[in-house]
Structures are given as structure tokens and as C-alpha cells.
$ cat query36.txt   # compact mmCIF, C-alpha atoms
# COMPACT_ATOMS: atom_id res chain seq x y z
CA MET W 272 0.00 0.00 0.00
CA ASN W 273 1.44 3.40 -0.95
CA GLU W 274 1.79 6.28 1.48
CA THR W 275 -1.15 8.23 0.07
CA ALA W 276 -3.48 5.25 0.19
CA SER W 277 -2.54 4.57 3.82
CA LEU W 278 -3.57 8.02 5.05
CA ARG W 279 -6.56 8.19 7.37
CA ALA W 280 -7.90 11.00 5.24
CA ARG W 281 -6.57 13.36 2.62
CA ALA W 282 -7.61 16.33 0.55
CA GLU W 283 -6.36 15.81 -2.99
CA ILE W 284 -5.67 19.13 -4.70
CA ASP W 285 -5.58 18.98 -8.50
CA LEU W 286 -3.25 21.79 -9.55
CA ALA W 287 -3.87 21.05 -13.24
CA ALA W 288 -7.55 21.83 -12.66
CA LEU W 289 -6.62 25.04 -10.85
CA ARG W 290 -4.40 26.16 -13.73
CA ALA W 291 -7.17 25.36 -16.21
CA ASN W 292 -9.66 27.36 -14.13
CA VAL W 293 -7.34 30.36 -14.08
CA ARG W 294 -7.03 30.22 -17.86
CA VAL W 295 -10.83 30.08 -18.23
CA LEU W 296 -11.27 33.05 -15.90
CA ARG W 297 -8.58 35.04 -17.70
CA ALA W 298 -10.27 34.39 -21.04
CA GLY W 299 -13.59 35.56 -19.64
CA ALA W 300 -12.08 38.81 -18.39
CA ALA W 301 -9.89 39.60 -21.37
CA GLY W 302 -8.25 42.99 -21.02
CA ALA W 303 -8.08 42.81 -17.23
CA GLN W 304 -5.33 41.37 -15.09
CA LEU W 305 -6.24 38.52 -12.74
CA MET W 306 -5.60 38.40 -9.00
CA ALA W 307 -5.52 34.89 -7.56
CA VAL W 308 -6.98 35.16 -4.07
CA VAL W 309 -5.21 32.68 -1.80
CA LYS W 310 -6.45 33.86 1.60
CA SER W 311 -7.33 31.31 4.28
CA ASP W 312 -4.67 28.89 2.96
CA ALA W 313 -6.14 29.22 -0.54
CA TYR W 314 -9.66 28.46 0.68
CA GLY W 315 -8.28 25.34 2.33
CA HIS W 316 -6.37 24.14 -0.74
CA GLY W 317 -2.82 25.13 0.28
CA ALA W 318 -1.71 28.70 -0.34
CA VAL W 319 1.83 28.30 -1.66
CA PRO W 320 1.25 25.47 -4.18
CA CYS W 321 -1.97 27.10 -5.39
CA ALA W 322 -0.34 30.52 -5.68
CA ARG W 323 2.48 29.04 -7.76
CA ALA W 324 0.03 27.20 -10.02
CA ALA W 325 -2.08 30.33 -10.52
CA LEU W 326 0.98 32.38 -11.49
CA GLU W 327 2.01 29.64 -13.91
CA ALA W 328 -1.41 29.94 -15.54
CA GLY W 329 -1.13 33.70 -16.01
CA ALA W 330 -2.34 35.34 -12.81
CA THR W 331 -0.39 38.57 -12.30
CA TRP W 332 -1.40 39.34 -8.70
CA LEU W 333 -1.85 37.33 -5.52
CA GLY W 334 -4.34 38.44 -2.89
CA THR W 335 -4.61 37.66 0.81
CA ALA W 336 -6.72 38.92 3.66
CA THR W 337 -4.09 39.25 6.39
CA PRO W 338 -0.56 40.65 6.19
CA GLN W 339 0.72 37.43 7.79
CA GLU W 340 -0.66 35.47 4.83
CA ALA W 341 1.04 37.84 2.40
CA LEU W 342 4.36 37.69 4.24
CA ALA W 343 4.21 33.88 4.20
CA LEU W 344 3.99 33.98 0.40
CA ARG W 345 7.11 36.15 0.26
CA ALA W 346 8.89 33.83 2.72
CA ALA W 347 8.12 30.95 0.36
CA GLY W 348 9.90 32.79 -2.45
CA LEU W 349 6.89 34.04 -4.40
CA GLY W 350 7.55 37.27 -6.25
CA GLY W 351 5.37 39.62 -8.26
CA ARG W 352 2.53 41.73 -6.99
CA VAL W 353 0.96 40.68 -3.68
CA MET W 354 -1.84 42.56 -1.94
CA CYS W 355 -3.38 42.20 1.53
CA TRP W 356 -6.35 44.08 2.89
CA LEU W 357 -7.33 43.14 6.44
CA TRP W 358 -5.33 45.30 8.83
CA THR W 359 -5.67 46.13 12.50
CA PRO W 360 -3.80 48.81 14.49
CA GLY W 361 -0.19 47.91 15.19
CA GLY W 362 0.01 45.47 12.27
CA PRO W 363 3.29 44.55 10.56
CA TRP W 364 3.27 47.54 8.24
CA ARG W 365 7.04 47.91 8.00
CA GLN W 366 7.55 44.20 7.22
CA ALA W 367 4.94 44.40 4.48
CA ILE W 368 6.46 47.55 3.01
CA GLU W 369 9.94 46.03 3.02
CA ALA W 370 8.53 42.90 1.34
CA ASP W 371 7.04 45.07 -1.45
CA ILE W 372 3.47 44.11 -0.57
CA ASP W 373 0.56 46.34 -1.56
CA VAL W 374 -1.37 47.32 1.57
CA SER W 375 -4.99 48.38 1.65
CA VAL W 376 -6.06 51.53 3.48
CA SER W 377 -9.69 52.21 4.39
CA GLY W 378 -9.35 55.07 6.84
CA MET W 379 -7.12 57.74 8.28
CA TRP W 380 -5.78 55.63 11.16
CA ALA W 381 -4.36 53.11 8.69
CA LEU W 382 -2.86 55.79 6.48
CA ARG W 383 -1.14 57.36 9.49
CA GLU W 384 0.35 53.99 10.51
CA VAL W 385 1.55 53.10 7.02
CA VAL W 386 3.14 56.55 6.57
CA ALA W 387 4.97 56.16 9.88
CA ALA W 388 6.20 52.70 8.91
CA ALA W 389 7.30 53.86 5.47
CA THR W 390 9.19 56.78 7.00
CA GLU W 391 10.97 54.36 9.36
CA ALA W 392 11.80 52.00 6.54
CA GLY W 393 12.87 54.75 4.15
CA ILE W 394 10.79 53.08 1.43
CA ALA W 395 7.63 54.38 -0.25
CA ALA W 396 4.73 52.10 0.67
CA ARG W 397 2.55 50.67 -2.08
CA VAL W 398 -0.95 51.67 -0.94
CA GLN W 399 -4.38 50.86 -2.34
CA LEU W 400 -7.31 52.97 -1.17
CA LYS W 401 -10.48 50.99 -0.53
CA ALA W 402 -13.87 52.58 -1.08
CA ASP W 403 -17.02 51.44 0.71
CA THR W 404 -19.45 51.61 -2.21
CA GLY W 405 -22.28 49.92 -0.33
CA LEU W 406 -21.07 46.66 1.24
CA GLY W 407 -20.79 48.31 4.65
CA ARG W 408 -17.73 46.40 5.83
CA ASN W 409 -14.18 47.63 5.30
CA GLY W 410 -13.58 50.63 3.07
CA CYS W 411 -13.90 54.40 3.23
CA GLN W 412 -17.36 55.96 3.11
CA PRO W 413 -18.00 58.43 0.25
CA ALA W 414 -18.37 61.28 2.77
CA ASP W 415 -14.88 60.59 4.14
CA TRP W 416 -13.25 59.90 0.76
CA PRO W 417 -12.06 63.48 0.06
CA GLU W 418 -10.14 63.59 3.37
CA LEU W 419 -8.50 60.19 2.77
CA VAL W 420 -7.62 60.98 -0.84
CA ALA W 421 -6.15 64.38 0.12
CA ALA W 422 -4.03 62.86 2.89
CA ALA W 423 -2.85 60.01 0.68
CA ARG W 424 -1.94 62.44 -2.11
CA ALA W 425 0.02 64.57 0.38
CA ALA W 426 1.89 61.48 1.53
CA GLU W 427 2.55 60.57 -2.09
CA ASP W 428 3.93 64.05 -2.78
CA ALA W 429 6.14 63.62 0.30
CA GLY W 430 7.48 60.34 -1.09
CA THR W 431 6.22 58.07 1.70
CA VAL W 432 3.53 56.27 -0.29
CA ARG W 433 2.70 55.37 -3.87
CA ILE W 434 -1.04 55.03 -4.49
CA THR W 435 -1.13 51.91 -6.65
CA GLY W 436 -4.81 51.08 -6.63
CA LEU W 437 -8.40 52.12 -6.01
CA TRP W 438 -10.78 49.33 -5.17
CA SER W 439 -14.01 48.14 -3.62
CA HIS W 440 -16.07 44.98 -3.08
CA PHE W 441 -19.60 43.95 -4.08
CA ALA W 442 -22.31 42.99 -1.61
CA CYS W 443 -24.62 41.03 -3.93
CA ALA W 444 -22.75 40.14 -7.13
CA ASP W 445 -23.85 36.54 -6.59
CA GLU W 446 -27.51 37.59 -6.90
CA PRO W 447 -28.21 38.32 -10.58
CA GLY W 448 -30.07 41.58 -11.14
CA HIS W 449 -29.80 42.78 -7.55
CA PRO W 450 -30.21 46.59 -7.62
CA SER W 451 -27.17 47.10 -5.38
CA ILE W 452 -24.87 45.92 -8.19
CA ALA W 453 -25.56 48.87 -10.49
CA ALA W 454 -25.68 51.23 -7.51
CA GLN W 455 -22.25 50.13 -6.27
CA LEU W 456 -20.77 50.40 -9.75
CA ASN W 457 -22.01 53.98 -10.03
CA VAL W 458 -20.58 54.91 -6.63
CA PHE W 459 -17.27 53.25 -7.48
CA ARG W 460 -16.97 55.13 -10.77
CA ASP W 461 -17.70 58.39 -8.97
CA MET W 462 -15.17 57.74 -6.21
CA VAL W 463 -12.49 56.69 -8.71
CA ALA W 464 -13.20 59.78 -10.84
CA TYR W 465 -12.85 62.02 -7.79
CA ALA W 466 -9.54 60.45 -6.78
CA GLU W 467 -8.15 60.73 -10.29
CA LYS W 468 -9.28 64.37 -10.51
CA GLU W 469 -7.26 64.96 -7.34
CA GLY W 470 -4.14 63.55 -9.00
CA VAL W 471 -4.28 59.84 -8.13
CA ASP W 472 -2.87 57.77 -11.00
CA PRO W 473 -3.52 54.14 -9.97
CA GLU W 474 -1.96 51.10 -11.59
CA VAL W 475 -5.20 49.18 -11.08
CA ARG W 476 -8.86 49.87 -10.35
CA HIS W 477 -10.84 46.83 -9.24
CA ILE W 478 -14.16 45.75 -7.77
CA ALA W 479 -14.93 42.39 -9.41
CA ASN W 480 -14.93 39.27 -7.23
CA SER W 481 -15.60 35.76 -8.60
CA PRO W 482 -19.31 36.24 -9.42
CA ALA W 483 -18.68 39.64 -10.99
CA THR W 484 -15.79 38.20 -13.00
CA LEU W 485 -18.13 35.53 -14.36
CA THR W 486 -21.26 37.60 -15.02
CA ILE W 487 -20.67 41.39 -14.88
CA PRO W 488 -18.19 42.35 -17.62
CA GLU W 489 -18.68 46.07 -17.01
CA ALA W 490 -17.17 45.52 -13.55
CA HIS W 491 -13.85 44.13 -14.77
CA PHE W 492 -11.94 47.44 -14.97
CA ASP W 493 -8.15 46.80 -14.79
CA LEU W 494 -8.12 43.76 -12.51
CA VAL W 495 -10.46 40.98 -11.39
CA ARG W 496 -10.09 39.18 -8.06
CA THR W 497 -10.95 35.51 -8.34
CA GLY W 498 -11.28 33.44 -5.21
CA ILE W 499 -13.75 30.57 -5.05
CA ALA W 500 -14.14 30.28 -8.84
CA MET W 501 -10.42 29.60 -9.18
CA TYR W 502 -10.94 26.50 -7.05
CA GLY W 503 -13.64 25.24 -9.40
CA ILE W 504 -16.68 26.10 -7.30
CA SER W 505 -19.52 28.29 -8.51
CA PRO W 506 -19.95 31.37 -6.32
CA SER W 507 -23.70 30.90 -6.47
CA PRO W 508 -25.95 28.11 -7.80
CA GLU W 509 -28.27 30.85 -9.13
CA LEU W 510 -25.51 31.97 -11.48
CA GLY W 511 -24.84 28.46 -12.79
CA THR W 512 -22.87 25.39 -11.86
CA ALA W 513 -19.10 25.21 -12.04
CA ALA W 514 -19.45 23.14 -15.21
CA ASP W 515 -21.67 25.85 -16.75
CA PHE W 516 -18.70 28.22 -16.45
CA GLY W 517 -16.14 25.67 -17.66
CA LEU W 518 -14.63 25.25 -14.20
CA ARG W 519 -13.53 22.04 -12.48
CA PRO W 520 -13.48 21.47 -8.71
CA VAL W 521 -9.91 21.32 -7.42
CA MET W 522 -10.39 19.53 -4.07
CA THR W 523 -11.38 15.90 -3.53
CA LEU W 524 -11.86 14.87 0.09
CA VAL W 525 -11.24 11.17 0.77
CA ALA W 526 -11.10 9.01 3.90
CA SER W 527 -10.25 5.35 4.43
CA VAL W 528 -13.06 3.27 5.97
CA ALA W 529 -11.75 2.20 9.38
CA LEU W 530 -14.26 -0.47 10.42
CA VAL W 531 -17.03 -2.55 8.85
CA LYS W 532 -19.43 -4.50 11.02
CA GLN W 533 -22.81 -6.18 10.90
CA VAL W 534 -25.47 -5.00 13.36
CA PRO W 535 -29.05 -6.08 14.07
CA ALA W 536 -32.26 -4.19 13.42
CA GLY W 537 -33.02 -1.52 15.99
CA HIS W 538 -29.37 -0.72 16.68
CA GLY W 539 -28.64 2.89 17.59
CA VAL W 540 -25.89 4.70 15.72
CA SER W 541 -23.69 7.46 17.17
CA TYR W 542 -24.45 9.99 19.90
CA GLY W 543 -28.07 10.46 20.84
CA HIS W 544 -29.25 7.55 18.67
CA HIS W 545 -30.74 9.94 16.14
CA TYR W 546 -30.39 7.10 13.68
CA THR W 547 -31.55 3.56 14.39
CA THR W 548 -31.16 0.71 11.91
CA SER W 549 -34.45 -0.40 10.38
CA ALA W 550 -33.18 -3.90 9.60
CA GLU W 551 -30.08 -6.00 10.01
CA THR W 552 -27.39 -4.14 8.12
CA VAL W 553 -23.71 -3.34 7.75
CA LEU W 554 -22.20 -0.15 9.12
CA GLY W 555 -19.01 1.53 7.90
CA LEU W 556 -16.94 3.84 10.09
CA VAL W 557 -15.42 6.87 8.34
CA PRO W 558 -12.61 8.30 10.51
CA VAL W 559 -13.19 12.05 10.05
CA GLY W 560 -15.33 14.40 12.10
CA TYR W 561 -15.82 17.97 13.07
CA ALA W 562 -12.20 18.27 14.27
CA ASP W 563 -11.31 17.67 10.61
CA GLY W 564 -13.80 20.31 9.45
CA ILE W 565 -16.75 18.04 8.73
CA PRO W 566 -19.80 20.11 9.70
CA ARG W 567 -21.74 18.64 12.60
CA HIS W 568 -24.75 19.97 10.71
CA ALA W 569 -24.03 17.25 8.11
CA SER W 570 -25.35 14.69 10.62
CA GLY W 571 -27.94 12.48 8.95
CA ARG W 572 -27.90 14.66 5.85
CA ALA W 573 -24.70 14.80 3.82
CA PRO W 574 -23.94 12.29 1.04
CA VAL W 575 -20.80 10.12 0.83
CA LEU W 576 -19.65 7.74 -1.92
CA VAL W 577 -18.62 4.35 -0.47
CA GLY W 578 -18.18 1.22 -2.54
CA GLY W 579 -19.38 3.01 -5.66
CA VAL W 580 -22.73 3.90 -4.06
CA ARG W 581 -23.88 7.25 -2.70
CA ARG W 582 -24.92 6.89 0.91
CA ARG W 583 -25.97 9.29 3.65
CA ILE W 584 -24.28 9.93 6.98
CA ALA W 585 -26.11 7.86 9.58
CA GLY W 586 -26.57 9.68 12.87
CA ARG W 587 -24.44 12.41 14.34
CA VAL W 588 -21.04 13.50 13.12
CA ALA W 589 -18.64 13.17 16.08
CA MET W 590 -15.32 14.90 16.65
CA ASP W 591 -13.24 12.29 14.83
CA GLN W 592 -15.65 10.01 12.97
CA PHE W 593 -19.04 9.34 11.47
CA VAL W 594 -20.94 6.29 10.32
CA VAL W 595 -22.62 5.30 7.06
CA ASP W 596 -25.24 2.57 6.71
CA LEU W 597 -23.99 0.30 3.93
CA ASP W 598 -27.44 -1.29 3.50
CA GLY W 599 -26.04 -4.76 3.94
CA ASP W 600 -23.23 -4.32 1.41
CA GLU W 601 -19.99 -5.98 2.48
CA ILE W 602 -16.97 -3.82 1.73
CA GLU W 603 -13.34 -4.12 2.76
CA VAL W 604 -11.80 -2.11 5.57
CA GLY W 605 -9.62 0.49 3.85
CA THR W 606 -12.13 1.14 1.08
CA GLU W 607 -12.20 4.80 0.08
CA ALA W 608 -15.06 6.98 1.23
CA VAL W 609 -15.23 10.00 -1.10
CA LEU W 610 -16.95 12.86 0.64
CA PHE W 611 -16.82 15.29 -2.26
CA GLY W 612 -14.93 15.95 -5.46
CA PRO W 613 -15.46 16.84 -9.13
CA GLY W 614 -18.01 14.06 -9.63
CA ASP W 615 -16.09 11.86 -12.06
CA ARG W 616 -16.83 8.74 -10.01
CA GLY W 617 -20.34 9.73 -9.06
CA GLU W 618 -19.19 11.29 -5.81
CA PRO W 619 -20.98 14.31 -4.33
CA SER W 620 -19.69 17.82 -4.89
CA ALA W 621 -18.86 20.45 -2.31
CA GLU W 622 -22.06 22.17 -3.47
CA ASP W 623 -24.04 19.00 -2.63
CA TRP W 624 -22.55 19.18 0.87
CA ALA W 625 -23.35 22.88 1.12
CA GLN W 626 -26.98 22.26 0.27
CA ALA W 627 -27.18 19.38 2.74
CA CYS W 628 -25.72 21.59 5.49
CA ASP W 629 -27.63 24.80 4.68
CA THR W 630 -24.44 26.72 3.95
CA ILE W 631 -22.25 27.69 0.98
CA ALA W 632 -19.55 25.66 -0.71
CA TYR W 633 -16.95 28.27 0.30
CA GLU W 634 -17.38 27.13 3.90
CA ILE W 635 -17.27 23.42 3.07
CA VAL W 636 -13.78 23.54 1.50
CA THR W 637 -12.32 26.30 3.67
CA ARG W 638 -13.17 24.62 6.96
CA ILE W 639 -11.28 21.37 6.24
CA SER W 640 -8.72 21.46 9.03
CA SER W 641 -4.96 21.13 8.96
CA ARG W 642 -5.35 17.67 10.49
CA VAL W 643 -6.27 16.50 6.98
CA PRO W 644 -3.09 16.37 4.83
CA ARG W 645 -3.22 18.19 1.49
CA VAL W 646 -1.85 16.06 -1.33
CA HIS W 647 -1.04 18.29 -4.29
CA LEU W 648 -1.31 16.51 -7.63
CA ASN W 649 -0.17 17.52 -11.13
CA GLY W 650 2.45 19.92 -9.89
CA THR W 651 4.13 20.17 -13.29
CA PRO W 652 2.36 22.87 -15.29
CA ALA W 653 0.61 21.86 -18.47
CA GLU W 654 0.86 23.87 -21.66
CA SER W 655 -0.51 27.36 -21.08

$ encode --input "query36.txt" --output "C-alpha cells"
Amino acid sequence: MNETASLRARAEIDLAALRANVRVLRAGAAGAQLMAVVKSDAYGHGAVPCARAALEAGATWLGTATPQEALALRAAGLGGRVMCWLWTPGGPWRQAIEADIDVSVSGMWALREVVAAATEAGIAARVQLKADTGLGRNGCQPADWPELVAAARAAEDAGTVRITGLWSHFACADEPGHPSIAAQLNVFRDMVAYAEKEGVDPEVRHIANSPATLTIPEAHFDLVRTGIAMYGISPSPELGTAADFGLRPVMTLVASVALVKQVPAGHGVSYGHHYTTSAETVLGLVPVGYADGIPRHASGRAPVLVGGVRRRIAGRVAMDQFVVDLDGDEIEVGTEAVLFGPGDRGEPSAEDWAQACDTIAYEIVTRISSRVPRVHLNGTPAES
């Protein structure tokens, strides 16, 4: 038995699929650069291998949420443009500046801290100003935009910053026809126009996330930021399936069945006996649970492929394991249980799991814990 087959569980990451997805997304946003968003360990897929694969396929930027994520990419030897956007007071501004990372600024406190760090470092910071065009999270409100732009321009004239980008984020791009989409685009255009009138000359203007990249061409501007779509998952079933967009899921989650046993009718299964066998049957133990990122909400609901047949989790998901009722089928210990993947073998998808758990597929893949090894496949890039 090879080392991969002997693992309790593994998340197989198909880097060839990721590269193909990046090429599809680039083709759909021709004329714009592509940022590969690799925050949260590349949505659970492994940040460094996925970042490398995305760059091989033509991505020109990498995006992270936290500065620590961005600095880890630099420590791994990844060059090119890297941006991070989720800062708190006292963050590692100087380290980011010295690592040539673009930092996002949404308010005056952040601009003051980045100017101080740049002055200390003796290096002009690469700064992108974020506009709150209606999402109501991070970003500068339109009423405060003139003050932020004026202060950033003064810092630019003083040589402590270089304003490299103007950007924002959609609230409802995954809901086709939502009135906020057009409203946010109008606000963004106005805020960009104001900044440019005040002398800002950005390298990139960007607002498009995955759903906007796929369905709102007027939102592409100079750069699109692709996160979940790059990993082969549709950002919204209402927009279409991954296959509808020519995308292939990158992650396949597999576990090795740890025990097979026959039990009588009326036998309770797992905590609380929320499942009881209706007849004599065979149970299979799958050795992953909520400590591995399997949602407890999947209890009694989520599908799993075992022995070539789709089955449902029987009873509660525990911390380290769950059970499937094999309906009397005898299978060998060590047989693969495929929780989700691209569907080539009839296995469920991450979207199937999301629907079973009343959540979104983003959460299903991102929550798979570090206790599950990532096995990166097809590391040699195919023809671009």
C-alpha cells in the first residue's frame, strides 16, 4: 500500500484543474489582469502550491486577507505583486512595506500607521485605497473619501507612499439583477473619478470578485479578483454550476473506511441515537469528524460515496468520525469513502454538501482542518 493510500484522510488538490480554471477566468475577463486570491490557505487548498500554479497559468497578482498570509507567500519565495487588505492597528506595516506588498487603506488611522512605517523604513509604501461603495464592511465611506484621498496624495507628494490602486467589493454580485450591483458600480466610478481628478494615477482599479468576474463584464476594470471560482466552485448556484462556467473542482476529500461490522435491526448509531437501523445491516466507520472540518450539521444529511454507491451519513457526526449505513453491502476495511470531489466517479460535490448543510460551498472547503493532509497533484504545469 502506498503512502497516500494509507492516510486516514486526505484532501487531494488537482493543480492542473486550478491552472485550467485560471485560464478560463482570464479568457472571460480579457483585457483585465487577474488576481488569484489565496487567503485562508487558498480556501483550504494550500496557499503556496496554489499561488504558484495560478501564477504559472497567467495570474499577475496574488491576494490575501491578512498581512501574515502575504508575508508567508514572500517567505516561500513568491515574487510579483501581492496585496493584503485586512489590517488592525499595530500590524506589521514595516515588514509588508519592506517585502514590497501592496497594503490596503480604508481610513485615516491606517494611512497614518503606514506613513509612519514607510518613514521608518525609508521606502515608499505601495498603498491601495479601498472605497465602501455599499457593502458596509471595510472601506472608506464616500463622505470621508475626500479627506482620505487628500491625505494620501500629500503622503505621495512627500514620497512616503505610492497610491497603486483604487478598489471596492460587491455585496450582492452573486444575486443576478440585484439593484445594489448597479448602484455600487455607479458609486465606485464616482469615487475613482474624484480620486483621479485629485491627482491619483492608480496602476489598477478593481471591484470584481468571482461572481462579478463571471457575469458582470462592465465591472472588470483593470483587474479581477478571483477566489472561489479559481478552485472550481460556482460562487452561487443561481448563477450556474461550475461546469456551466467551464470550471472544475480542485479539491477531492477522501477518507479510508476504518471499520465494517454487521449490526441487528433496531441498533442505535452514534451519539443520541438519532439514527436507528431499520433492519439487520452493515455499518461503515469513516474516521473524520468535526475536528477535521466536517460540519456537525451534516449529521444524517450529507452524502458520501462508499463502494461506488452514494450513501448518507447515519446519525451524528462526532469529533473524529461518522458512520454510514452500507445497506447490507460488504466492503473491505480500507475502502475509500469519497466525501466530495469533481463528480467523475459519481461522488458528491462540495455544493451538494453545502446544500445538505444549509451553507455555501466556500465554507465546506475552507473549513477542512490542517489535520487532513493536502496532497497536491499535477504539480508540473501543463501547456498554457

$ closest_atom_pairs --input "query36.txt" --of "stretch 348-463 of chain W" --to "stretch 291-307 of chain W" --cutoff "10 Å" --atoms "all atoms listed in the file" --output "tab-separated table"
residue	atom	partner	partner_atom	distance
W:Arg352	CA	W:Met306	CA	9.0
W:Val353	CA	W:Met306	CA	8.7
W:Met354	CA	W:Met306	CA	9.0

$ atom_distance --input "query36.txt" --atom1 "atom CA of W:Ala324" --atom2 "atom CA of W:Lys310"
14.9 Å

$ closest_atom_pairs --input "query36.txt" --of "stretch 430-546 of chain W" --to "stretch 630-640 of chain W" --cutoff "9 Å" --atoms "only C-alpha atoms" --output "Markdown table"
| residue | atom | partner | partner_atom | distance |
| --- | --- | --- | --- | --- |
| W:Ile499 | CA | W:Tyr633 | CA | 6.6 |
| W:Ile504 | CA | W:Ala632 | CA | 7.2 |
| W:Ser505 | CA | W:Ala632 | CA | 8.2 |
| W:Pro506 | CA | W:Tyr633 | CA | 7.9 |
| W:Ser507 | CA | W:Ile631 | CA | 8.2 |
| W:Met522 | CA | W:Val636 | CA | 7.7 |
| W:Leu524 | CA | W:Ile639 | CA | 9.0 |

$ closest_residue --input "query36.txt" --among "W:Ser481, W:Thr431, W:Thr359, W:Ser375" --to "W:Ala388" --atoms "only C-alpha atoms"
W:Thr431

$ residues_around --input "query36.txt" --residues "stretch 284-289 of chain W" --least-positions-apart "5" --cutoff "7 Å" --atoms "only C-alpha atoms" --output "tab-separated table (two decimals) with C-alpha atoms, keeping the file's coordinate frame"
chain	number	residue	atom	x	y	z
W	316	HIS	CA	-6.37	24.14	-0.74
W	321	CYS	CA	-1.97	27.10	-5.39
W	324	ALA	CA	0.03	27.20	-10.02
W	325	ALA	CA	-2.08	30.33	-10.52
W	501	MET	CA	-10.42	29.60	-9.18
W	502	TYR	CA	-10.94	26.50	-7.05
W	519	ARG	CA	-13.53	22.04	-12.48
W	521	VAL	CA	-9.91	21.32	-7.42
W	522	MET	CA	-10.39	19.53	-4.07
W	523	THR	CA	-11.38	15.90	-3.53
W	645	ARG	CA	-3.22	18.19	1.49
W	646	VAL	CA	-1.85	16.06	-1.33
W	647	HIS	CA	-1.04	18.29	-4.29
W	648	LEU	CA	-1.31	16.51	-7.63
W	649	ASN	CA	-0.17	17.52	-11.13
W	650	GLY	CA	2.45	19.92	-9.89
W	652	PRO	CA	2.36	22.87	-15.29
W	653	ALA	CA	0.61	21.86	-18.47

$ residues_near_point --input "query36.txt" --point "(-13.7, 55.1, 3.8)" --cutoff "12 Å" --atoms "only C-alpha atoms" --output "ChimeraX atom specification"
/W:375-382,399-420,437-439,459,462

$ atom_distance --input "query36.txt" --atom1 "atom CA of W:Gly448" --atom2 "atom CA of W:Pro482"
12.1 Å

$ closest_residue --input "query36.txt" --among "W:Ala585, W:Val553, W:Val398, W:Ile368" --to "W:Glu603" --atoms "all atoms listed in the file"
W:Val553
